[in-house]
Amino acid sequence: MNELIRRDFPILGRMVEGKPLCYLDNAATSQRPKKVVDAIVRYYLETNANVHRGVYKLSQEATDAFESVRSKVVRFLGAASEREIVFTKGTTEAINLIASSFGESNVGAADVIAVTRMEHHANFVPWQQLAKRKGARFEIIELTSDLRLDPKEVDRVLALKPKILAVSLLSNVTGVTNPVASLASRFKMVGTTIVVDAAQGIAHGEVELSRLGPIDFLAFSAHKLCGPTGVGVLWGRESVLSRMPPYQVGGNMITHVGDLDSEWNELPHKFEAGTPDIAGVIGLGAAIDYIETQGRTRIQEYEDRITAYVLERIVAIPGLRLLGPKDPHHRAPIFSVAIDGVHAHDLATFLDMRGISVRAGHHCAHPLMLRLGLPATCRASFSFYNTLEEADQLIEALMNAPQFFRRKNA
Ligand code: PLP
């Protein structure tokens with residue numbers, strides 16, 4: 001990847017505290033290329049009207065622009081049809097939709113719901129609360145010492161024949177990638193419905209449904225993929241979605257309302273109550289176009305290079321602890337680090353003073369923090385527009401950090 005790509009992202013040219021911005025908080029949210037912002041502005045300036053309702057030209061244009069993004073998402077994921085693509089506010093809303101609609105009507109007190117220890121709260125709490133409401137058993141697949149899914153734990157939970165398995169493609173804290181295709185094949189054999197959180201996965205590598213095994217649901221947010229905030233996608237297998245009750249009710253998702261009962265619209269509109277974030281969806285379409293122009297394989301190859309480059313250097317820094325596996329094949333370019341006796345926020349501030357924007361905190365992963373015995377970690381996460389020079393900048397700062405804090409704390 002090269003300088004030309006960085007020019008597509010005006011924000012990457014700005015200075016922070018007199019230093020060029022070195023943005024390494026992409027796991028929280030990515031930056032947007034100008035083309036995405038332009039598409040949103042153009043929609044408001046030239047095509048703005050509500051969708052699915054008007055018979056007039058402008059509304060039809062807005063509807064076409066909106067629905068064309070649904071077709072784009074079908075191609076992007078390799079889904080079977082537009083009926084399988086539901087626009088949501090983001091990953092969180094998509095998973096809540098599944099837990100409420102599918103969960104409420106399919107889970108009972110005799111059932112088991114399984115998640116993993118590395119899930120983001122968005123793919124943990126909706127299942128925990130569903131289990132609580134239904135009196136179902138909630139099982140957590142524990143991790144190995146290098147924070148990958150423990151195969152013995154996978155076997156243990158598989159033997160319980162869970163009704164639902166909720167698993168992420170990769171961890172937002174450690175960057176660990178999960179073998180979703182093989183998990184899906186094995187759990188499907190015992191009748192499990194498989195929900196995949198692709199909030200992070202979507203930004204790192206090709207997310208092709210055909211390569212993920214027999215999963216039933218997948219959710220992602222546009223803002224991790226160079227798109228706008230407030231928009232996401234729920235993909236669901238049509239045979240499953242069609243048997244689910246609506247999540248919310250109101251306008252757009254209805255065909256007939258009588259005094260005592262109502263009839264629901266067909267898929268996917270049954271799950272899209274109210275006026276959607278039309279401009280946001282159009283921005284997502286522009287983001288997908290942008291990513292496809294760069295080439296998903298090319299992006300993945302470049303990110304693999306960054307991962308290997310940073311990993312090799314980070315693990316060699318004395319006094320710095322990298323959380324998660326040391327093998328680049330099991331990781332995306334997300335690195336959580338810790339220095340004994342130093343709070344993650346202090347380390348993040350140390351990096352910020354050197355112009356490097358990283359995140360410190362629990363990363364909405366309390367269950368994992370509990371396992372780590374840490375209140376927080378300091379996380380640097382890369383995207384395809386980050387450079388090897390920025391990686392060097394991070395590594396140099398991290399090399400100086402242990403000594404800096406030793407002197408400071410002496
Ligand atoms: N799942 C994972 C793995 C995430 O990293 C995030 C956000 O950081 C989410 C779910 C929630 O995404 P959103 O806040 O866009 O709904």
# chains A, B, ... in the order shown; residues from 1 in each chain; ligands from 1
call {"tool": "residues_near_ligand", "arguments": {"ligand": "ligand 1", "cutoff": "8 Å", "atoms": "only C-alpha atoms and all ligand atoms", "output": "PyMOL selection string"}}
result
chain A and resi 27-29+89-94+119-123+168-173+197-201+220-224+229-232+363-364
call {"tool": "residues_around", "arguments": {"residues": "stretch 138-144 of chain A", "least_positions_apart": "4", "cutoff": "9 Å", "atoms": "only C-alpha atoms", "output": "count of residues only"}}
result
23
call {"tool": "residues_around", "arguments": {"residues": "A:Val233", "least_positions_apart": "2", "cutoff": "6 Å", "atoms": "only C-alpha atoms", "output": "PDB file with C-alpha atoms, in the first residue's frame"}}
result
ATOM      1  CA  VAL A  86     -30.927  -6.469   7.133  1.00  0.00           C
ATOM      2  CA  PHE A  87     -29.624  -2.957   7.768  1.00  0.00           C
ATOM      3  CA  THR A  88     -29.169  -2.190  11.456  1.00  0.00           C
ATOM      4  CA  ALA A 219     -23.084  -9.108  11.960  1.00  0.00           C
ATOM      5  CA  PHE A 220     -20.797  -6.174  11.262  1.00  0.00           C
TER       6      PHE A 220
END
call {"tool": "select_by_dssp", "arguments": {"residues": "stretch 43-285 of chain A", "states": "alpha helix (DSSP H)", "output": "number ranges by chain"}}
result
A: 57-77, 91-97, 104-106, 125-134, 151-158, 180-189, 238-241, 278-285
call {"tool": "atom_distance", "arguments": {"atom1": "atom CA of A:Pro20", "atom2": "atom CA of A:Asp352"}}
result
11.4 Å
call {"tool": "closest_residue", "arguments": {"among": "A:His204, A:His329, A:Arg83, A:Lys134", "to": "A:Phe384", "atoms": "only C-alpha atoms"}}
result
A:His204
call {"tool": "select_by_dssp", "arguments": {"residues": "stretch 22-237 of chain A", "states": "strand (DSSP E or B)", "output": "PyMOL selection string"}}
result
chain A and resi 22-23+25+85-88+112-116+137-141+143+149+164-168+170+176-177+193-197+217-221+232-236
call {"tool": "residues_around", "arguments": {"residues": "A:Ser81", "least_positions_apart": "2", "cutoff": "12 Å", "atoms": "only C-alpha atoms", "output": "NGL selection string"}}
result
:A and (70-79 or 83-86 or 235-239 or 267-268)
call {"tool": "residues_around", "arguments": {"residues": "A:Ile215", "least_positions_apart": "5", "cutoff": "7 Å", "atoms": "only C-alpha atoms", "output": "number ranges by chain"}}
result
A: 184, 194-195
call {"tool": "atom_distance", "arguments": {"atom1": "atom CA of A:Leu183", "atom2": "atom CA of A:Leu147"}}
result
16.8 Å
call {"tool": "residues_around", "arguments": {"residues": "stretch 402-405 of chain A", "least_positions_apart": "2", "cutoff": "12 Å", "atoms": "only C-alpha atoms", "output": "PyMOL selection string"}}
result
chain A and resi 317-321+337-344+346-347+349-351+396-400+407-410
call {"tool": "write_last_selection", "arguments": {"atoms": "C-alpha atoms", "output": "PDB file, in the first residue's frame"}}
result
ATOM      1  CA  ILE A 317      11.069  -5.587  23.756  1.00  0.00           C
ATOM      2  CA  PRO A 318      12.324  -6.303  27.301  1.00  0.00           C
ATOM      3  CA  GLY A 319       9.834  -5.414  30.034  1.00  0.00           C
ATOM      4  CA  LEU A 320       6.844  -5.324  27.667  1.00  0.00           C
ATOM      5  CA  ARG A 321       4.220  -8.076  27.706  1.00  0.00           C
ATOM      6  CA  VAL A 337       0.431  -4.785  25.545  1.00  0.00           C
ATOM      7  CA  ALA A 338       1.104  -4.340  29.250  1.00  0.00           C
ATOM      8  CA  ILE A 339       4.036  -3.287  31.419  1.00  0.00           C
ATOM      9  CA  ASP A 340       4.002  -4.689  34.943  1.00  0.00           C
ATOM     10  CA  GLY A 341       3.238  -1.969  37.480  1.00  0.00           C
ATOM     11  CA  VAL A 342       2.192   0.576  34.833  1.00  0.00           C
ATOM     12  CA  HIS A 343      -1.454   1.457  34.243  1.00  0.00           C
ATOM     13  CA  ALA A 344      -2.583   1.055  30.630  1.00  0.00           C
ATOM     14  CA  ASP A 346      -0.374   5.929  31.561  1.00  0.00           C
ATOM     15  CA  LEU A 347       1.198   3.937  28.744  1.00  0.00           C
ATOM     16  CA  THR A 349      -0.715   8.830  27.441  1.00  0.00           C
ATOM     17  CA  PHE A 350       3.033   8.215  27.038  1.00  0.00           C
ATOM     18  CA  LEU A 351       2.362   7.155  23.422  1.00  0.00           C
ATOM     19  CA  GLU A 396      10.532   2.825  19.116  1.00  0.00           C
ATOM     20  CA  ALA A 397       8.208   4.444  21.660  1.00  0.00           C
ATOM     21  CA  LEU A 398       7.390   1.076  23.235  1.00  0.00           C
ATOM     22  CA  MET A 399      11.119   0.282  23.472  1.00  0.00           C
ATOM     23  CA  ASN A 400      11.616   3.418  25.545  1.00  0.00           C
ATOM     24  CA  ARG A 407      12.770   5.936  36.209  1.00  0.00           C
ATOM     25  CA  LYS A 408       9.475   7.710  36.854  1.00  0.00           C
ATOM     26  CA  ASN A 409       8.391   5.188  39.486  1.00  0.00           C
ATOM     27  CA  ALA A 410      11.831   4.987  41.162  1.00  0.00           C
TER      28      ALA A 410
END
call {"tool": "closest_residue", "arguments": {"among": "A:Val207, A:Ala136, A:Ile395, A:Ala62", "to": "A:Val315", "atoms": "only C-alpha atoms"}}
result
A:Ile395
call {"tool": "atom_distance", "arguments": {"atom1": "atom CA of A:Val16", "atom2": "atom CA of A:Thr174"}}
result
26.8 Å
call {"tool": "residues_around", "arguments": {"residues": "A:Val358", "least_positions_apart": "5", "cutoff": "6 Å", "atoms": "only C-alpha atoms", "output": "list of chain:residue names"}}
result
A:Leu24, A:Asp25, A:Arg379, A:Ala380
call {"tool": "closest_residue", "arguments": {"among": "A:Ile314, A:Ile288, A:Ile254, A:Val125", "to": "A:Gly274", "atoms": "only C-alpha atoms"}}
result
A:Ile254
call {"tool": "closest_residue", "arguments": {"among": "A:Asn2, A:Asn252, A:Thr177, A:Thr63", "to": "A:Asp327", "atoms": "only C-alpha atoms"}}
result
A:Thr177
